[in-house]
file run_9.cif (mmCIF, C-alpha atoms and all ligand atoms)
data_target
loop_
_atom_site.label_atom_id
_atom_site.label_comp_id
_atom_site.auth_asym_id
_atom_site.auth_seq_id
_atom_site.Cartn_x
_atom_site.Cartn_y
_atom_site.Cartn_z
CA MET G 1 18.20 -1.80 4.81
CA VAL G 2 18.63 -0.69 8.40
CA LEU G 3 19.98 2.83 8.66
CA GLU G 4 22.76 3.09 11.20
CA GLY G 5 22.79 6.47 12.88
CA ARG G 6 23.47 7.91 16.28
CA ALA G 7 20.94 6.61 18.83
CA SER G 8 18.30 9.28 18.80
CA LYS G 9 16.19 10.62 21.59
CA LEU G 10 13.53 11.86 19.26
CA PRO G 11 10.14 12.52 20.75
CA TRP G 12 8.35 9.72 18.89
CA GLY G 13 9.57 6.37 20.09
CA SER G 14 9.51 3.45 17.73
CA GLU G 15 11.72 4.13 14.69
CA PRO G 16 15.42 4.32 15.64
CA ASN G 17 16.39 6.33 12.55
CA PRO G 18 13.20 7.93 11.27
CA LEU G 19 12.55 9.00 7.70
CA LEU G 20 10.81 12.36 7.56
CA LEU G 21 9.01 13.95 4.63
CA GLY G 22 10.29 17.54 4.47
CA PRO G 23 8.25 20.72 4.32
CA MET G 24 7.90 21.98 0.76
CA GLN G 25 5.92 25.10 -0.08
CA GLY G 26 3.47 24.45 -2.91
CA LEU G 27 3.87 20.68 -2.58
CA THR G 28 3.34 19.21 0.91
CA ASN G 29 -0.26 20.36 1.29
CA ARG G 30 -2.75 18.19 3.19
CA GLY G 31 -3.80 16.39 0.01
CA LEU G 32 -0.27 15.19 -0.71
CA ARG G 33 0.38 14.36 2.93
CA GLU G 34 -2.75 12.22 3.03
CA VAL G 35 -1.57 10.22 -0.01
CA PHE G 36 1.95 9.72 1.40
CA GLY G 37 0.51 8.98 4.83
CA THR G 38 -1.73 6.21 3.55
CA THR G 39 0.73 4.65 1.10
CA VAL G 40 4.40 4.86 2.13
CA ARG G 41 3.80 6.27 5.64
CA PRO G 42 6.77 8.55 6.36
CA ASP G 43 7.63 8.41 10.07
CA VAL G 44 6.95 12.14 10.36
CA LEU G 45 5.11 14.63 8.15
CA PHE G 46 5.70 18.39 7.91
CA THR G 47 3.36 21.14 6.71
CA GLU G 48 4.38 23.74 4.16
CA PHE G 49 5.56 26.80 6.05
CA VAL G 50 2.90 28.78 7.88
CA ARG G 51 3.68 32.46 7.44
CA VAL G 52 3.32 34.51 10.60
CA ARG G 53 1.40 37.79 10.17
CA PRO G 54 2.54 40.18 12.90
CA GLY G 55 0.01 42.86 13.69
CA ALA G 56 -2.82 41.18 11.75
CA GLU G 57 -6.09 40.40 13.50
CA THR G 58 -5.15 36.72 13.54
CA PRO G 59 -1.43 35.89 13.30
CA VAL G 60 -2.24 32.74 11.29
CA THR G 61 -4.72 32.67 8.39
CA ASN G 62 -7.73 30.35 8.42
CA SER G 63 -6.45 28.37 5.47
CA ASP G 64 -3.15 27.84 7.31
CA PHE G 65 -5.08 26.58 10.34
CA ILE G 66 -6.88 24.05 8.18
CA GLU G 67 -3.50 22.84 6.87
CA ALA G 68 -1.92 22.81 10.33
CA THR G 69 -4.60 20.60 11.81
CA ALA G 70 -5.01 18.11 8.92
CA THR G 71 -3.26 15.12 10.45
CA VAL G 72 -2.93 11.54 9.22
CA PRO G 73 -3.76 9.05 11.99
CA GLY G 74 -0.66 7.60 13.61
CA ILE G 75 1.88 9.96 12.02
CA PRO G 76 3.15 13.04 13.89
CA LEU G 77 2.47 16.25 11.96
CA VAL G 78 5.03 18.98 12.50
CA VAL G 79 3.78 22.48 11.70
CA GLN G 80 6.49 24.75 10.36
CA VAL G 81 6.32 28.47 11.14
CA ILE G 82 8.25 31.22 9.43
CA GLY G 83 8.61 34.78 10.69
CA SER G 84 11.03 37.09 12.51
CA ALA G 85 12.14 35.80 15.88
CA ASP G 86 11.12 38.99 17.65
CA GLU G 87 7.94 39.58 15.67
CA GLY G 88 5.03 37.21 15.89
CA VAL G 89 6.47 33.67 15.91
CA VAL G 90 5.61 33.14 19.58
CA GLU G 91 2.17 34.69 19.20
CA ALA G 92 1.39 32.58 16.13
CA THR G 93 2.58 29.44 17.86
CA ARG G 94 0.34 30.16 20.83
CA ASP G 95 -2.56 30.48 18.41
CA LEU G 96 -1.68 27.20 16.67
CA VAL G 97 -1.27 25.33 19.96
CA SER G 98 -4.63 26.62 21.21
CA ARG G 99 -6.19 24.91 18.19
CA GLY G 100 -4.59 21.56 18.96
CA VAL G 101 -1.22 21.72 17.16
CA GLN G 102 1.34 19.53 18.95
CA HIS G 103 4.65 19.85 17.11
CA ILE G 104 6.31 23.09 15.96
CA ASN G 105 9.32 23.61 13.71
CA VAL G 106 10.92 27.01 13.14
CA ASN G 107 12.19 27.73 9.63
CA MET G 108 15.71 29.18 9.68
CA GLY G 109 16.58 28.28 6.15
CA CYS G 110 14.23 29.80 3.59
CA PRO G 111 16.44 31.43 0.97
CA TRP G 112 13.77 33.42 -0.85
CA GLY G 113 13.35 37.21 -1.09
CA ARG G 114 11.45 38.98 1.65
CA MET G 115 12.07 36.26 4.21
CA THR G 116 15.79 36.83 4.35
CA SER G 117 15.53 40.64 4.33
CA ILE G 118 13.14 40.72 7.34
CA LEU G 119 15.23 38.42 9.55
CA ALA G 120 12.89 35.48 8.99
CA GLY G 121 13.77 32.09 7.53
CA GLY G 122 17.44 32.12 6.56
CA GLY G 123 17.48 35.80 7.59
CA MET G 124 17.50 34.76 11.28
CA PHE G 125 21.24 34.20 10.93
CA ARG G 126 21.55 37.99 10.73
CA ALA G 127 20.22 38.33 14.28
CA PRO G 128 21.39 35.21 16.14
CA GLU G 129 20.82 36.97 19.49
CA THR G 130 17.05 36.88 18.88
CA VAL G 131 16.95 33.11 18.35
CA GLU G 132 17.50 31.85 21.89
CA PRO G 133 14.83 33.99 23.62
CA MET G 134 12.32 32.99 20.95
CA LEU G 135 13.11 29.29 21.31
CA ARG G 136 12.98 29.46 25.11
CA GLU G 137 9.50 31.00 24.94
CA LEU G 138 8.38 28.41 22.41
CA ARG G 139 9.74 25.62 24.61
CA GLU G 140 7.34 26.76 27.33
CA ILE G 141 4.23 26.66 25.15
CA VAL G 142 4.74 23.82 22.66
CA PRO G 143 3.20 20.62 24.06
CA GLY G 144 4.94 18.19 21.69
CA SER G 145 8.28 18.49 19.93
CA LEU G 146 10.03 21.78 19.24
CA SER G 147 12.55 21.75 16.42
CA VAL G 148 14.42 24.01 14.01
CA LYS G 149 15.11 23.47 10.33
CA THR G 150 18.11 25.36 9.11
CA ARG G 151 20.65 25.82 6.39
CA SER G 152 24.31 26.06 7.32
CA GLY G 153 24.45 29.88 7.18
CA ILE G 154 23.70 32.86 4.98
CA ASP G 155 26.94 33.19 3.02
CA ASP G 156 29.32 31.22 5.25
CA GLU G 157 28.68 27.62 6.16
CA ARG G 158 30.37 28.03 9.56
CA GLN G 159 27.64 30.46 10.72
CA ILE G 160 25.59 27.55 12.02
CA PHE G 161 28.07 27.14 14.86
CA ASP G 162 27.20 30.68 16.09
CA VAL G 163 23.53 29.77 16.60
CA MET G 164 24.04 26.21 17.82
CA PRO G 165 24.34 27.28 21.51
CA ALA G 166 20.83 28.77 21.23
CA PHE G 167 19.41 25.41 20.11
CA GLU G 168 21.09 23.67 23.01
CA ALA G 169 20.20 26.31 25.62
CA ALA G 170 16.53 26.14 24.65
CA SER G 171 16.62 22.30 24.65
CA ILE G 172 14.95 21.89 21.28
CA ASP G 173 14.11 18.25 20.52
CA PHE G 174 15.89 18.03 17.19
CA LEU G 175 17.56 20.06 14.49
CA VAL G 176 17.10 19.45 10.77
CA VAL G 177 20.12 20.56 8.75
CA HIS G 178 20.22 21.20 5.02
CA SER G 179 23.94 21.79 4.63
CA ARG G 180 23.89 24.49 2.00
CA THR G 181 24.08 28.22 2.67
CA VAL G 182 21.12 30.50 1.98
CA GLN G 183 23.17 32.14 -0.74
CA GLN G 184 23.71 28.83 -2.49
CA LYS G 185 19.97 28.26 -2.84
CA TYR G 186 19.99 24.85 -4.61
CA THR G 187 23.29 25.10 -6.46
CA GLY G 188 26.22 22.81 -5.77
CA ALA G 189 25.79 19.87 -3.42
CA ALA G 190 24.77 19.59 0.22
CA ASN G 191 27.96 19.38 2.29
CA HIS G 192 27.44 16.27 4.40
CA ASP G 193 30.97 16.45 5.84
CA LEU G 194 29.69 19.60 7.50
CA THR G 195 26.53 17.72 8.55
CA ARG G 196 28.79 15.20 10.27
CA GLU G 197 30.62 17.96 12.13
CA ILE G 198 27.29 19.43 13.24
CA VAL G 199 26.12 15.97 14.42
CA GLU G 200 29.33 15.60 16.41
CA ARG G 201 29.25 19.04 17.99
CA CYS G 202 25.54 19.57 18.56
CA GLY G 203 23.95 18.61 21.86
CA VAL G 204 20.58 17.83 20.27
CA PRO G 205 19.73 15.08 17.74
CA VAL G 206 20.37 16.12 14.14
CA ILE G 207 18.33 15.03 11.13
CA ALA G 208 20.32 15.16 7.88
CA ASN G 209 18.69 16.64 4.79
CA GLY G 210 19.78 17.36 1.24
CA ASP G 211 20.19 15.57 -2.08
CA VAL G 212 19.05 12.08 -1.03
CA THR G 213 17.31 10.53 -4.04
CA THR G 214 18.36 6.86 -3.93
CA VAL G 215 18.83 4.01 -1.45
CA GLU G 216 22.59 4.26 -1.95
CA GLU G 217 22.63 7.99 -1.17
CA ALA G 218 20.51 7.43 1.95
CA ALA G 219 22.97 4.81 3.23
CA LYS G 220 25.94 6.99 2.34
CA VAL G 221 24.60 10.09 4.10
CA MET G 222 23.67 8.12 7.24
CA ASP G 223 27.07 6.46 7.23
CA GLN G 224 28.95 9.67 6.61
CA THR G 225 27.06 11.81 9.15
CA GLY G 226 25.86 9.48 11.91
CA ALA G 227 22.67 11.57 11.96
CA ALA G 228 19.63 10.56 14.02
CA GLY G 229 17.46 10.31 10.92
CA LEU G 230 16.92 11.51 7.38
CA MET G 231 14.59 14.08 5.90
CA LEU G 232 13.62 13.46 2.28
CA GLY G 233 12.54 16.37 0.08
CA ARG G 234 12.56 16.51 -3.70
CA GLY G 235 13.68 12.89 -3.94
CA ALA G 236 10.48 11.74 -2.22
CA ILE G 237 8.24 13.92 -4.37
CA ALA G 238 9.82 12.35 -7.47
CA ASP G 239 9.76 8.85 -5.97
CA PRO G 240 7.42 8.33 -2.99
CA TRP G 241 8.59 4.69 -2.70
CA LEU G 242 11.99 6.00 -1.70
CA PHE G 243 10.71 5.58 1.87
CA ASP G 244 9.97 1.89 1.25
CA ARG G 245 13.11 1.37 -0.82
CA ILE G 246 15.28 2.68 2.02
CA ARG G 247 13.40 0.43 4.45
CA GLY G 248 14.05 -2.53 2.15
CA GLN G 249 10.33 -2.92 1.50
CA ALA G 250 10.38 -2.04 -2.22
CA PRO G 251 12.89 -2.77 -4.97
CA ALA G 252 15.81 -0.34 -4.86
CA ARG G 253 15.57 0.13 -8.62
CA PRO G 254 12.31 -0.65 -10.43
CA THR G 255 12.25 -1.35 -14.17
CA GLY G 256 11.03 1.43 -16.47
CA VAL G 257 7.66 -0.30 -16.87
CA GLU G 258 7.19 -0.73 -13.12
CA ARG G 259 8.25 2.84 -12.52
CA ARG G 260 5.69 4.20 -15.01
CA ARG G 261 2.92 2.15 -13.41
CA GLU G 262 3.93 3.22 -9.89
CA LEU G 263 4.05 6.86 -10.91
CA ALA G 264 0.70 6.68 -12.68
CA ARG G 265 -0.93 5.11 -9.63
CA HIS G 266 0.57 7.67 -7.31
CA LEU G 267 -0.38 10.62 -9.51
CA SER G 268 -3.94 9.24 -9.80
CA LEU G 269 -4.22 9.14 -6.01
CA LEU G 270 -2.89 12.69 -5.83
CA LEU G 271 -5.40 13.80 -8.45
CA ASP G 272 -8.28 12.26 -6.44
CA SER G 273 -7.02 13.97 -3.32
CA TYR G 274 -6.47 17.36 -5.01
CA GLU G 275 -9.99 17.25 -6.48
CA THR G 276 -11.36 17.27 -2.93
CA ILE G 277 -9.35 20.26 -1.68
CA PHE G 278 -8.59 22.47 -4.69
CA HIS G 279 -11.07 24.14 -6.99
CA GLY G 280 -11.28 24.15 -10.76
CA ASP G 281 -9.18 22.42 -13.39
CA ALA G 282 -6.57 25.18 -13.52
CA GLN G 283 -5.69 24.97 -9.82
CA ILE G 284 -5.82 21.18 -9.64
CA LEU G 285 -3.66 20.80 -12.74
CA ALA G 286 -1.14 23.41 -11.55
CA LYS G 287 -0.69 21.53 -8.27
CA LEU G 288 -0.28 18.18 -9.98
CA LYS G 289 2.09 19.57 -12.60
CA SER G 290 4.37 20.96 -9.88
CA VAL G 291 4.83 17.36 -8.71
CA VAL G 292 5.43 16.09 -12.25
CA ALA G 293 8.02 18.84 -12.76
CA LEU G 294 10.22 17.22 -10.10
CA ILE G 295 10.31 13.79 -11.78
CA PRO G 296 13.81 13.63 -13.24
CA ASP G 297 13.79 10.21 -15.02
CA ALA G 298 15.06 10.56 -18.57
CA ASP G 299 13.02 7.55 -19.72
CA GLN G 300 9.77 9.08 -18.38
CA ALA G 301 10.46 12.53 -19.85
CA ARG G 302 8.16 12.23 -22.88
CA TRP G 303 5.34 10.83 -20.80
CA CYS G 304 5.78 13.59 -18.20
CA LYS G 305 5.75 16.16 -20.97
CA SER G 306 2.43 14.86 -22.25
CA LEU G 307 1.02 14.96 -18.70
CA LYS G 308 2.13 18.58 -18.37
CA LYS G 309 0.44 19.48 -21.68
CA GLN G 310 -3.02 18.49 -20.45
CA LYS G 311 -5.46 21.36 -20.05
CA ARG G 312 -8.29 19.40 -18.43
CA VAL G 313 -8.36 17.11 -15.42
CA GLN G 314 -10.30 14.56 -17.48
CA GLY G 315 -7.55 14.34 -20.09
CA LEU G 316 -4.89 13.92 -17.45
CA ARG G 317 -6.88 11.23 -15.67
CA GLN G 318 -7.25 9.33 -18.93
CA LEU G 319 -3.50 9.34 -19.57
CA LEU G 320 -2.85 8.14 -16.03
CA ASN G 321 -5.46 5.37 -16.33
CA GLU G 322 -3.87 4.14 -19.56
CA ALA G 323 -0.49 3.91 -17.82
CA VAL G 324 -1.86 2.04 -14.81
CA HIS G 325 -3.53 -0.72 -16.89
C1 LIG R 1 9.57 23.58 -3.96
C2 LIG R 1 10.24 23.56 -2.62
C3 LIG R 1 9.64 24.17 -1.55
C4 LIG R 1 10.26 24.17 -0.28
N1 LIG R 1 9.62 24.73 0.78
C5 LIG R 1 10.18 24.64 2.02
C6 LIG R 1 9.49 25.10 3.17
O1 LIG R 1 8.32 25.55 3.13
N2 LIG R 1 10.14 25.02 4.37
C7 LIG R 1 11.41 24.50 4.48
O2 LIG R 1 11.96 24.44 5.57
N3 LIG R 1 12.06 24.03 3.41
C8 LIG R 1 11.47 24.07 2.20
N4 LIG R 1 12.13 23.55 1.13
C9 LIG R 1 13.44 22.90 1.33
C10 LIG R 1 13.28 21.40 1.54
O3 LIG R 1 12.51 21.08 2.68
C11 LIG R 1 14.66 20.72 1.67
O4 LIG R 1 15.32 21.25 2.78
C12 LIG R 1 15.52 20.94 0.43
O5 LIG R 1 14.78 20.74 -0.76
C13 LIG R 1 16.73 19.98 0.44
O6 LIG R 1 16.33 18.65 0.52
P1 LIG R 1 16.21 17.70 -0.78
O7 LIG R 1 17.50 17.78 -1.51
O8 LIG R 1 15.90 16.34 -0.23
O9 LIG R 1 15.09 18.25 -1.62
C14 LIG R 1 11.53 23.56 -0.13
C15 LIG R 1 12.14 22.96 -1.23
C16 LIG R 1 11.52 22.95 -2.46
C17 LIG R 1 12.20 22.27 -3.62
#
call {"tool": "encode", "arguments": {"input": "run_9.cif", "output": "structure tokens", "more": "lines below"}}
Ligand SMILES: Cc1cc2nc3c(=O)[nH]c(=O)nc-3n(C[C@H](O)[C@H](O)[C@H](O)COP(=O)(O)O)c2cc1C
result
Amino acid sequence: MVLEGRASKLPWGSEPNPLLLGPMQGLTNRGLREVFGTTVRPDVLFTEFVRVRPGAETPVTNSDFIEATATVPGIPLVVQVIGSADEGVVEATRDLVSRGVQHINVNMGCPWGRMTSILAGGGMFRAPETVEPMLRELREIVPGSLSVKTRSGIDDERQIFDVMPAFEAASIDFLVVHSRTVQQKYTGAANHDLTREIVERCGVPVIANGDVTTVEEAAKVMDQTGAAGLMLGRGAIADPWLFDRIRGQAPARPTGVERRRELARHLSLLLDSYETIFHGDAQILAKLKSVVALIPDADQARWCKSLKKQKRVQGLRQLLNEAVH
């Protein structure tokens, strides 16, 4: 399937309507990115958010630096930063860029706790006047793409139109929109009629995000919004081949047997990868189980439950091996 969107002027040439793997805290670590990057090759990868630490000796922790510089050859890695616009985001970005980071994305959508109360993440909507100066400064220092990922507002989905002039004035390269408010968290559905309005009114390319889990939904959202590309989140964690399915390079709907085998192979690769970067059975299993928790298929539920019950990596590996063969 060829996705038909608005001709994009995204900073990485070849794909007309790119498919991006979204940033997901606790999930899109370098181990998972490596597996996706070598199997289904999203057009763009994002890190989990890097939390800015204003006033600390280093504004970015060492472990975040390791994550921010773990690239997959041939795929742009966008590093997402989260912090208050007037407190540390610029400083942290300078630090990241000095260590070789090319692409920066600012999180304006995180709906969780402290972030929204300190004017970071979704909280930036409370101080829209701080957004443009921050983005202008970032524009000067980011060598590759500069982008923003946002929700539609805090408690009113029209709030995005108040900050849109800041995105345009600072000439960011693209905007990723998850059309839910911060208050909504994950309830209800993403409002892709609103995404369309944002695409029409915004002077920078818009990437649509939210609730795409099938080939049909991908086509529908692209059709409905005319966006420059799609960002896949939970749908891709549950079904990495969604990238290939949308590209027409994998069956749109595998049989239950195929699906089990695909999942088992993918989870085995993740397990191999996690064993090299995480330590001890408890941590490795916790990371893998957070992926399994997002697999929604009713006909895989019992199998997923038995995966989640495993207390040792060895036991989990055995179950996965049995399903692959
Ligand atoms: C577990 C989890 C962690 C997330 N972490 C981040 C994050 O670090 N930064 C961010 O911008 N969005 C984050 N998100 C939001 C996703 O990137 C995405 O915008 C949202 O899930 C909607 O897309 P989807 O319906 O395709 O999942 C997270 C979502 C989930 C489920």
call {"tool": "closest_atom_pairs", "arguments": {"input": "run_9.cif", "of": "chain G", "to": "ligand LIG 1 (chain R)", "cutoff": "8 Å", "atoms": "all atoms listed in the file", "output": "tab-separated table"}}
result
residue	atom	partner	partner_atom	distance
G:Gly22	CA	R:LIG1	O3	4.5
G:Pro23	CA	R:LIG1	O3	4.6
G:Met24	CA	R:LIG1	N1	3.2
G:Gln25	CA	R:LIG1	N1	3.8
G:Gly26	CA	R:LIG1	C1	6.3
G:Leu27	CA	R:LIG1	C1	6.5
G:Thr47	CA	R:LIG1	O1	7.5
G:Glu48	CA	R:LIG1	O1	4.5
G:Phe49	CA	R:LIG1	O1	4.2
G:Val50	CA	R:LIG1	O1	7.9
G:Gln80	CA	R:LIG1	N2	7.0
G:Asn107	CA	R:LIG1	O2	5.2
G:Met108	CA	R:LIG1	O2	7.3
G:Gly109	CA	R:LIG1	O2	6.0
G:Cys110	CA	R:LIG1	C7	6.1
G:Lys149	CA	R:LIG1	O2	5.8
G:Thr150	CA	R:LIG1	O2	7.2
G:Arg151	CA	R:LIG1	O4	7.9
G:Val177	CA	R:LIG1	O4	7.7
G:His178	CA	R:LIG1	O4	5.4
G:Tyr186	CA	R:LIG1	O5	7.7
G:Ala190	CA	R:LIG1	O7	7.7
G:Asn209	CA	R:LIG1	O6	5.3
G:Gly210	CA	R:LIG1	O7	3.6
G:Asp211	CA	R:LIG1	O7	3.5
G:Val212	CA	R:LIG1	O8	5.4
G:Thr213	CA	R:LIG1	O8	7.1
G:Met231	CA	R:LIG1	O8	6.7
G:Leu232	CA	R:LIG1	O8	4.4
G:Gly233	CA	R:LIG1	O8	3.4
G:Arg234	CA	R:LIG1	O9	3.7
G:Gly235	CA	R:LIG1	O8	5.5
G:Ala236	CA	R:LIG1	O8	7.4
call {"tool": "closest_residue", "arguments": {"input": "run_9.cif", "among": "G:Val97, G:Leu271, G:Ala189, G:Ala127", "to": "Val291 (chain G)", "atoms": "all atoms listed in the file"}}
result
G:Leu271
call {"tool": "atom_distance", "arguments": {"input": "run_9.cif", "atom1": "CA of Arg302 (chain G)", "atom2": "CA of Leu316 (chain G)"}}
result
14.2 Å
call {"tool": "closest_residue", "arguments": {"input": "run_9.cif", "among": "G:Glu67, G:Asp223, G:Glu217, G:Glu262", "to": "Asn321 (chain G)", "atoms": "all atoms listed in the file"}}
result
G:Glu262
call {"tool": "closest_residue", "arguments": {"input": "run_9.cif", "among": "G:Val40, G:Ala293, G:Met164, G:Val79", "to": "Glu129 (chain G)", "atoms": "all atoms listed in the file"}}
result
G:Met164
call {"tool": "residues_around", "arguments": {"input": "run_9.cif", "residues": "Val72 (chain G)", "least_positions_apart": "3", "cutoff": "8 Å", "atoms": "only C-alpha atoms", "output": "PDB file with C-alpha atoms, in the coordinates of the input"}}
result
ATOM      1  CA  ARG G  33       0.380  14.360   2.930  1.00  0.00           C
ATOM      2  CA  GLU G  34      -2.750  12.220   3.030  1.00  0.00           C
ATOM      3  CA  GLY G  37       0.510   8.980   4.830  1.00  0.00           C
ATOM      4  CA  THR G  38      -1.730   6.210   3.550  1.00  0.00           C
ATOM      5  CA  ILE G  75       1.880   9.960  12.020  1.00  0.00           C
ATOM      6  CA  PRO G  76       3.150  13.040  13.890  1.00  0.00           C
ATOM      7  CA  LEU G  77       2.470  16.250  11.960  1.00  0.00           C
TER       8      LEU G  77
END
